[in-house]
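Below is one structure, written out as structure tokens; comments come after it.
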Amino acid sequence: MHLISKQIKGHEYFYLVEKQRRGKRVVTSRTVYVGNRQKLAELVQQSAAAAFPASFEAQPVGAVLALAALAEELGIATLIDEVCPVRQDAAPIGRRLVIAAIGRAVMPRRENGVCNLRTFYEGSVLPEVLAVPPSSLDDQRLSEVLLALTDKQIEGIEGAVVRRVVAKEEVSTTALAFDCTNFDSYAGARTRSRLLRRGHAKSGRSLRVLGLGLLASADQGIPLLTFVYPGNENDVHAFGRFLRALDRRRESLDLPLDTTVAADGGNISRQLLLQLEEDPRYYVMRLPASHLTSVERCKRRELPSLVGALAGRVWAKKLQCMVYGVERCVVDVYSRRMHHRQLPGLNRDRDRARADLLELQRLLDRQRQGLRHAKPITLASLRRRVAAALSREHMSTLFRVTVAKGQGAPTLTFDEPPEAWQRLDDYVLGRTLLVTNRREWAPEEIVWASRVQSHNEHLFRDIKDPGGVSMLPLRHRRDAALRAHALVVVLGVLLAKVLQRRIKKAGLRAPSLNSVLDPLKQVQRGRLHFPATAAPALRALAADTWIPSAHSARQSELLAALNLAGRPELGTTLTDKLARKKPGPKRVGVE
């Protein structure tokens, strides 16, 4: 059909005319009246509005798809189902725990609770990758699953998953790092929990806290063993729990006999060193200087430089010293980088201490002159205030303070002897003591093993990061749910760490989990919604098609490194949709 115009009584009108051939002539077979110019313009606008989308739906897909594809590749859901079988007509536990771990890694902190997991699942790409009945992710049902998990099942799940990851990713277990921390909870005083206790919270708040111990590999910091413990236990007791857990899990982890465990100085004690040496286990631990008996230490300029990659940056010397009444191998280490990083904080504390002492002198002068009307400063209170001013680390050695009786007010004098600062510079700043039973190792090997412990510090930083796989907030109050909650978080961290490891293997920069997850979270797909006046075929096509978002260079590199660039779940264009259609059978001509 084509549009024609006619002049009728001086007015212009439009018609749609359809032509048809009859024999050798072309005749008009159908004529449809349209109207004048105003009517034609209205029809064109209505047609354009019907073909224009009314709205669109955006859905983040990159991070969820990457974690779900990795979980499917590793078979984590199957491993969990083997440890936790359910009755035949019940929903399996494996996929639900994997979905909960992915939600913990991707959802915002304010929404990462169990009560929001079903909404997150239904609005994500997970139904296309990890399909489960949505009702099985309800708050009540999932809480029942977490409460039903026993300690033996949690250890079995973690052991099976870690064993699969170590074998699949070829993670080195020759050097491991242990550390522990605690997490705040807002549980009330009447909460009946043996795990949530008031202790020395790392945050400094007076809250009930949950302790978490973690053993990580030196190879990219993959978590291998975790356990929760009461928040009022100190690090030494936590390390004892770790040794018992390691004995139970040594066979499942398949650790070599020469594995070396690195730990911080807060975990050390006489009994633990004896226990480590009796089994025997190899260890490299930081030794607080106060735990070392009198020994002649070298100035930092007299320490020999290490060779290899640490040359010119670290100096160290092996010593045989009495530690807790037993002669052990101790390494005295000086790090130039550590020295330079300590100086700003030390100068700041020195300025604050000097300002506090000067303020005390001013108050004492006003008290002698009778200008101070507050409570008089006595000799005892002055000593308390001086002790508070010098309570920061190293301040009591940098300042020489004299307090004495005086007329009307005590007297306070102080100075900063230069030899005190020189001694601090020669023997304390940048220095670390390491104790080990690896007597045959060179100082370079011992120092490298001690630096493995920094992986755990990065790992705990990721777990406490509100934008990452956060352990917080702790919304559970029962011990069984808290243990299961820690398992879910560790599964999420494990998946994210494997993603980070694979990206690094591809030659891309991935310094932290957020550097990997944040760009992937911005990878989205969209779906167009057309009005009811649009053509049915157009509405059906739009309802069945997700359109990919434009990818940045970083996102394209990450998707390519994770083999996700061609996944249809990311979205398809019309060209891709037509290209994926199978061609029909070819017609074979008959001669």
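Residue names in the structure tokens use chain letters A, B, ... in the order shown, residue numbers from 1 in each chain, and ligand numbers from 1 in the order shown.
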
request  = Check the DSSP output for the backbone and give back, as a PyMOL selection string, the residues of segment 287-504 of chain A in helix (DSSP H, G or I).
outcome  = chain A and resi 289-291+300-302+308-310+336-368+379-389+395-398+418-427+443-450+453-464+479-504

Selection export as a short mmCIF file (atom, residue, chain, number, x, y, z; two decimals), in the first residue's frame, atoms kept: C-alpha atoms:
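Final file, part-v9.cif:
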```cif
data_model
loop_
_atom_site.label_atom_id
_atom_site.label_comp_id
_atom_site.auth_asym_id
_atom_site.auth_seq_id
_atom_site.Cartn_x
_atom_site.Cartn_y
_atom_site.Cartn_z
CA ALA A 289 61.38 -8.16 72.45
CA SER A 290 60.22 -8.37 76.07
CA HIS A 291 60.05 -12.19 75.81
CA ARG A 300 71.08 -1.81 62.56
CA ARG A 301 74.18 -0.71 60.64
CA GLU A 302 76.04 -3.85 61.78
CA GLY A 308 68.21 -11.94 46.43
CA ALA A 309 65.00 -9.92 46.13
CA LEU A 310 65.40 -8.45 49.64
CA ARG A 336 64.08 0.01 55.97
CA ARG A 337 60.50 0.27 54.75
CA MET A 338 59.15 -0.53 58.21
CA HIS A 339 61.49 2.08 59.72
CA HIS A 340 60.26 4.82 57.37
CA ARG A 341 56.64 3.91 58.03
CA GLN A 342 57.08 4.12 61.80
CA LEU A 343 58.64 7.59 61.79
CA PRO A 344 55.49 9.68 61.04
CA GLY A 345 53.51 8.08 63.84
CA LEU A 346 56.41 8.33 66.25
CA ASN A 347 56.92 12.04 65.51
CA ARG A 348 53.20 12.66 65.95
CA ASP A 349 53.17 10.90 69.34
CA ARG A 350 56.27 12.83 70.44
CA ASP A 351 54.64 16.16 69.56
CA ARG A 352 51.50 15.21 71.46
CA ALA A 353 53.45 14.10 74.53
CA ARG A 354 55.50 17.32 74.50
CA ALA A 355 52.29 19.39 74.19
CA ASP A 356 50.72 17.51 77.15
CA LEU A 357 53.78 18.09 79.32
CA LEU A 358 53.91 21.79 78.42
CA GLU A 359 50.23 22.11 79.26
CA LEU A 360 50.87 20.52 82.66
CA GLN A 361 53.67 23.04 83.28
CA ARG A 362 51.32 25.91 82.39
CA LEU A 363 48.64 24.64 84.78
CA LEU A 364 51.18 24.29 87.59
CA ASP A 365 52.41 27.85 87.02
CA ARG A 366 48.85 29.18 87.21
CA GLN A 367 48.31 27.21 90.41
CA ARG A 368 51.42 28.78 92.01
CA LEU A 379 52.03 15.30 93.57
CA ALA A 380 50.16 12.00 93.13
CA SER A 381 47.76 13.41 90.52
CA LEU A 382 50.65 15.02 88.65
CA ARG A 383 52.42 11.67 88.40
CA ARG A 384 49.25 10.09 87.05
CA ARG A 385 48.92 12.83 84.44
CA VAL A 386 52.55 12.48 83.42
CA ALA A 387 52.11 8.71 83.07
CA ALA A 388 49.06 9.32 80.84
CA ALA A 389 51.00 11.82 78.71
CA MET A 395 57.45 8.09 74.85
CA SER A 396 58.67 7.07 78.30
CA THR A 397 62.13 6.41 76.83
CA LEU A 398 62.28 9.58 74.72
CA PRO A 418 69.47 12.89 72.15
CA GLU A 419 71.01 9.56 73.16
CA ALA A 420 67.50 8.18 73.83
CA TRP A 421 66.40 8.92 70.27
CA GLN A 422 69.67 7.50 68.91
CA ARG A 423 69.20 4.27 70.83
CA LEU A 424 65.64 3.99 69.55
CA ASP A 425 66.90 4.52 66.01
CA ASP A 426 69.68 1.93 66.38
CA TYR A 427 67.88 -0.89 68.20
CA PRO A 443 67.89 -15.84 57.02
CA GLU A 444 66.32 -15.01 53.63
CA GLU A 445 64.02 -18.06 53.81
CA ILE A 446 62.97 -17.33 57.39
CA VAL A 447 62.16 -13.69 56.58
CA TRP A 448 60.13 -14.71 53.52
CA ALA A 449 58.17 -17.24 55.61
CA SER A 450 57.38 -14.58 58.21
CA GLN A 453 51.42 -13.73 57.70
CA SER A 454 50.64 -10.44 55.94
CA HIS A 455 48.27 -12.36 53.63
CA ASN A 456 45.97 -12.99 56.59
CA GLU A 457 45.98 -9.31 57.46
CA HIS A 458 44.81 -8.49 53.93
CA LEU A 459 42.24 -11.29 54.17
CA PHE A 460 40.79 -9.95 57.43
CA ARG A 461 40.76 -6.47 55.92
CA ASP A 462 38.61 -7.85 53.09
CA ILE A 463 36.26 -9.63 55.51
CA LYS A 464 35.79 -6.43 57.53
CA ASP A 479 25.96 -20.48 68.36
CA ALA A 480 25.02 -22.99 65.64
CA ALA A 481 23.83 -20.19 63.34
CA LEU A 482 27.01 -18.18 64.03
CA ARG A 483 29.20 -21.13 63.00
CA ALA A 484 27.15 -21.66 59.84
CA HIS A 485 27.27 -17.92 59.13
CA ALA A 486 31.08 -18.02 59.31
CA LEU A 487 31.05 -20.95 56.86
CA VAL A 488 28.91 -18.99 54.37
CA VAL A 489 31.21 -15.97 54.58
CA VAL A 490 34.33 -18.11 54.14
CA LEU A 491 32.79 -19.78 51.08
CA GLY A 492 32.17 -16.34 49.58
CA VAL A 493 35.73 -15.24 50.38
CA LEU A 494 37.11 -18.46 48.91
CA LEU A 495 35.26 -17.96 45.61
CA ALA A 496 36.35 -14.32 45.39
CA LYS A 497 39.96 -15.24 46.18
CA VAL A 498 40.02 -17.86 43.42
CA LEU A 499 38.68 -15.25 40.99
CA GLN A 500 41.44 -12.87 42.08
CA ARG A 501 44.02 -15.64 41.67
CA ARG A 502 42.88 -16.47 38.13
CA ILE A 503 42.91 -12.82 37.11
CA LYS A 504 46.48 -12.47 38.39
#
```

query = Leaving out Leu273 of chain A and any residue of its chain fewer than 4 positions from it, which residues lie within 12 Å of it when counting only C-alpha atoms, given as JSON, numbers by chain?
reply = {"A": [236, 239, 240, 243, 263, 265, 267, 268, 269, 277, 278, 279, 280, 281, 282, 283, 284, 285, 286, 287, 323, 324, 325, 326, 327, 328, 435, 436, 437]}

Please provide the set of residues having any atom within 9 Å of Leu253 of chain A, restricted to only C-alpha atoms, with same-chain residues fewer than 2 positions apart removed, written as an mmCIF file with C-alpha atoms, in the first residue's frame.
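What landed in out28.cif:
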```cif
data_model
loop_
_atom_site.group_PDB
_atom_site.id
_atom_site.type_symbol
_atom_site.label_atom_id
_atom_site.label_comp_id
_atom_site.auth_asym_id
_atom_site.auth_seq_id
_atom_site.Cartn_x
_atom_site.Cartn_y
_atom_site.Cartn_z
ATOM 1 C CA GLY A 159 37.550 -29.662 54.216
ATOM 2 C CA ALA A 160 35.977 -31.013 51.005
ATOM 3 C CA VAL A 162 39.328 -26.609 50.318
ATOM 4 C CA ARG A 163 40.690 -29.942 49.111
ATOM 5 C CA VAL A 166 43.830 -26.816 46.364
ATOM 6 C CA LEU A 224 42.278 -23.217 54.184
ATOM 7 C CA LEU A 225 41.045 -23.598 57.760
ATOM 8 C CA LEU A 246 44.836 -28.569 62.505
ATOM 9 C CA ARG A 249 42.019 -31.530 59.564
ATOM 10 C CA ARG A 250 45.593 -32.452 58.650
ATOM 11 C CA GLU A 251 44.509 -35.554 56.755
ATOM 12 C CA LEU A 255 49.321 -30.993 54.186
#
```

message = List as a PyMOL selection string the protein and nucleic acid residues near Thr31 of chain A, meaning an atom at most 8 Å away when only C-alpha atoms are counted, but skip any in the same chain fewer than 2 places from it.
response = chain A and resi 15-18+28-29+33

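For the set A:Gly507, A:Gly199, A:Pro304, A:Gly62, the residue with the smallest atom-to-atom gap to Leu520 of chain A is A:Gly62, counting only C-alpha atoms.
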
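Put simply, atom CA of Leu541 of chain A is 21.7 Å away from atom CA of Val129 of chain A.
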
ask   = Which residue gives the smallest distance to Thr572 of chain A among A:Leu142, A:Ala550, A:Ala148, A:Ala535, with only C-alpha atoms counted?
value = A:Ala550

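Near Ser206 of chain A, within 12 Å and counting only C-alpha atoms, sit Phe183, Asp184, Ser185, Tyr186, Ala187, Gly188, Ala189, Arg197, Arg198, Gly199, His200, Ala201, Lys202, Ser203, Gly204, Arg208, Val209, Gly231 and Asn232 of chain A; same-chain residues fewer than 2 positions away were not included.
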
Residues of segment 400-552 of chain A in strand (DSSP E or B), written as a ChimeraX atom specification = /A:400-404,411-415,431-436,524-529,547-548

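As for atom CA of Asp219 of chain A and atom CA of Glu170 of chain A, they are spaced 9.5 Å apart.
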
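Our summary of the geometry notes that atom CA of Leu558 of chain A is positioned 15.3 Å from atom CA of Pro60 of chain A.
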
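Shortest separation to Pro288 of chain A among A:His11, A:Arg96, A:Arg205, A:Arg431 occurs at residue A:Arg431, atoms counted being only C-alpha atoms.
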
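Distance annotation: of A:Glu73, A:Arg22, A:Cys84, A:Leu67, the residue with the minimal separation from Val145 of chain A is A:Cys84; atom set is only C-alpha atoms.
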
request  = Tell me, as a list in words, which residues lie within 9 Å of Ala543 of chain A, counting only C-alpha atoms; anything in the same chain fewer than 5 positions away does not count.
outcome  = Arg527, Leu528, His529, Phe530 and Leu538 of chain A

Print the selection's residues with N, CA and C atoms to a file, as an mmCIF file, in the first residue's frame.
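The file below, selection_2.cif, is the result:
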```
data_model
loop_
_atom_site.group_PDB
_atom_site.id
_atom_site.type_symbol
_atom_site.label_atom_id
_atom_site.label_comp_id
_atom_site.auth_asym_id
_atom_site.auth_seq_id
_atom_site.Cartn_x
_atom_site.Cartn_y
_atom_site.Cartn_z
ATOM 1 N N ARG A 527 16.599 -4.944 30.050
ATOM 2 C CA ARG A 527 15.428 -5.484 29.328
ATOM 3 C C ARG A 527 14.462 -4.333 29.089
ATOM 4 N N LEU A 528 14.012 -4.180 27.830
ATOM 5 C CA LEU A 528 13.096 -3.113 27.456
ATOM 6 C C LEU A 528 11.652 -3.531 27.693
ATOM 7 N N HIS A 529 10.831 -2.563 28.102
ATOM 8 C CA HIS A 529 9.400 -2.790 28.287
ATOM 9 C C HIS A 529 8.639 -1.840 27.355
ATOM 10 N N PHE A 530 7.791 -2.411 26.472
ATOM 11 C CA PHE A 530 7.009 -1.633 25.511
ATOM 12 C C PHE A 530 5.576 -1.495 25.992
ATOM 13 N N LEU A 538 6.827 -7.474 18.868
ATOM 14 C CA LEU A 538 7.873 -6.649 19.451
ATOM 15 C C LEU A 538 7.901 -6.816 20.964
#
```
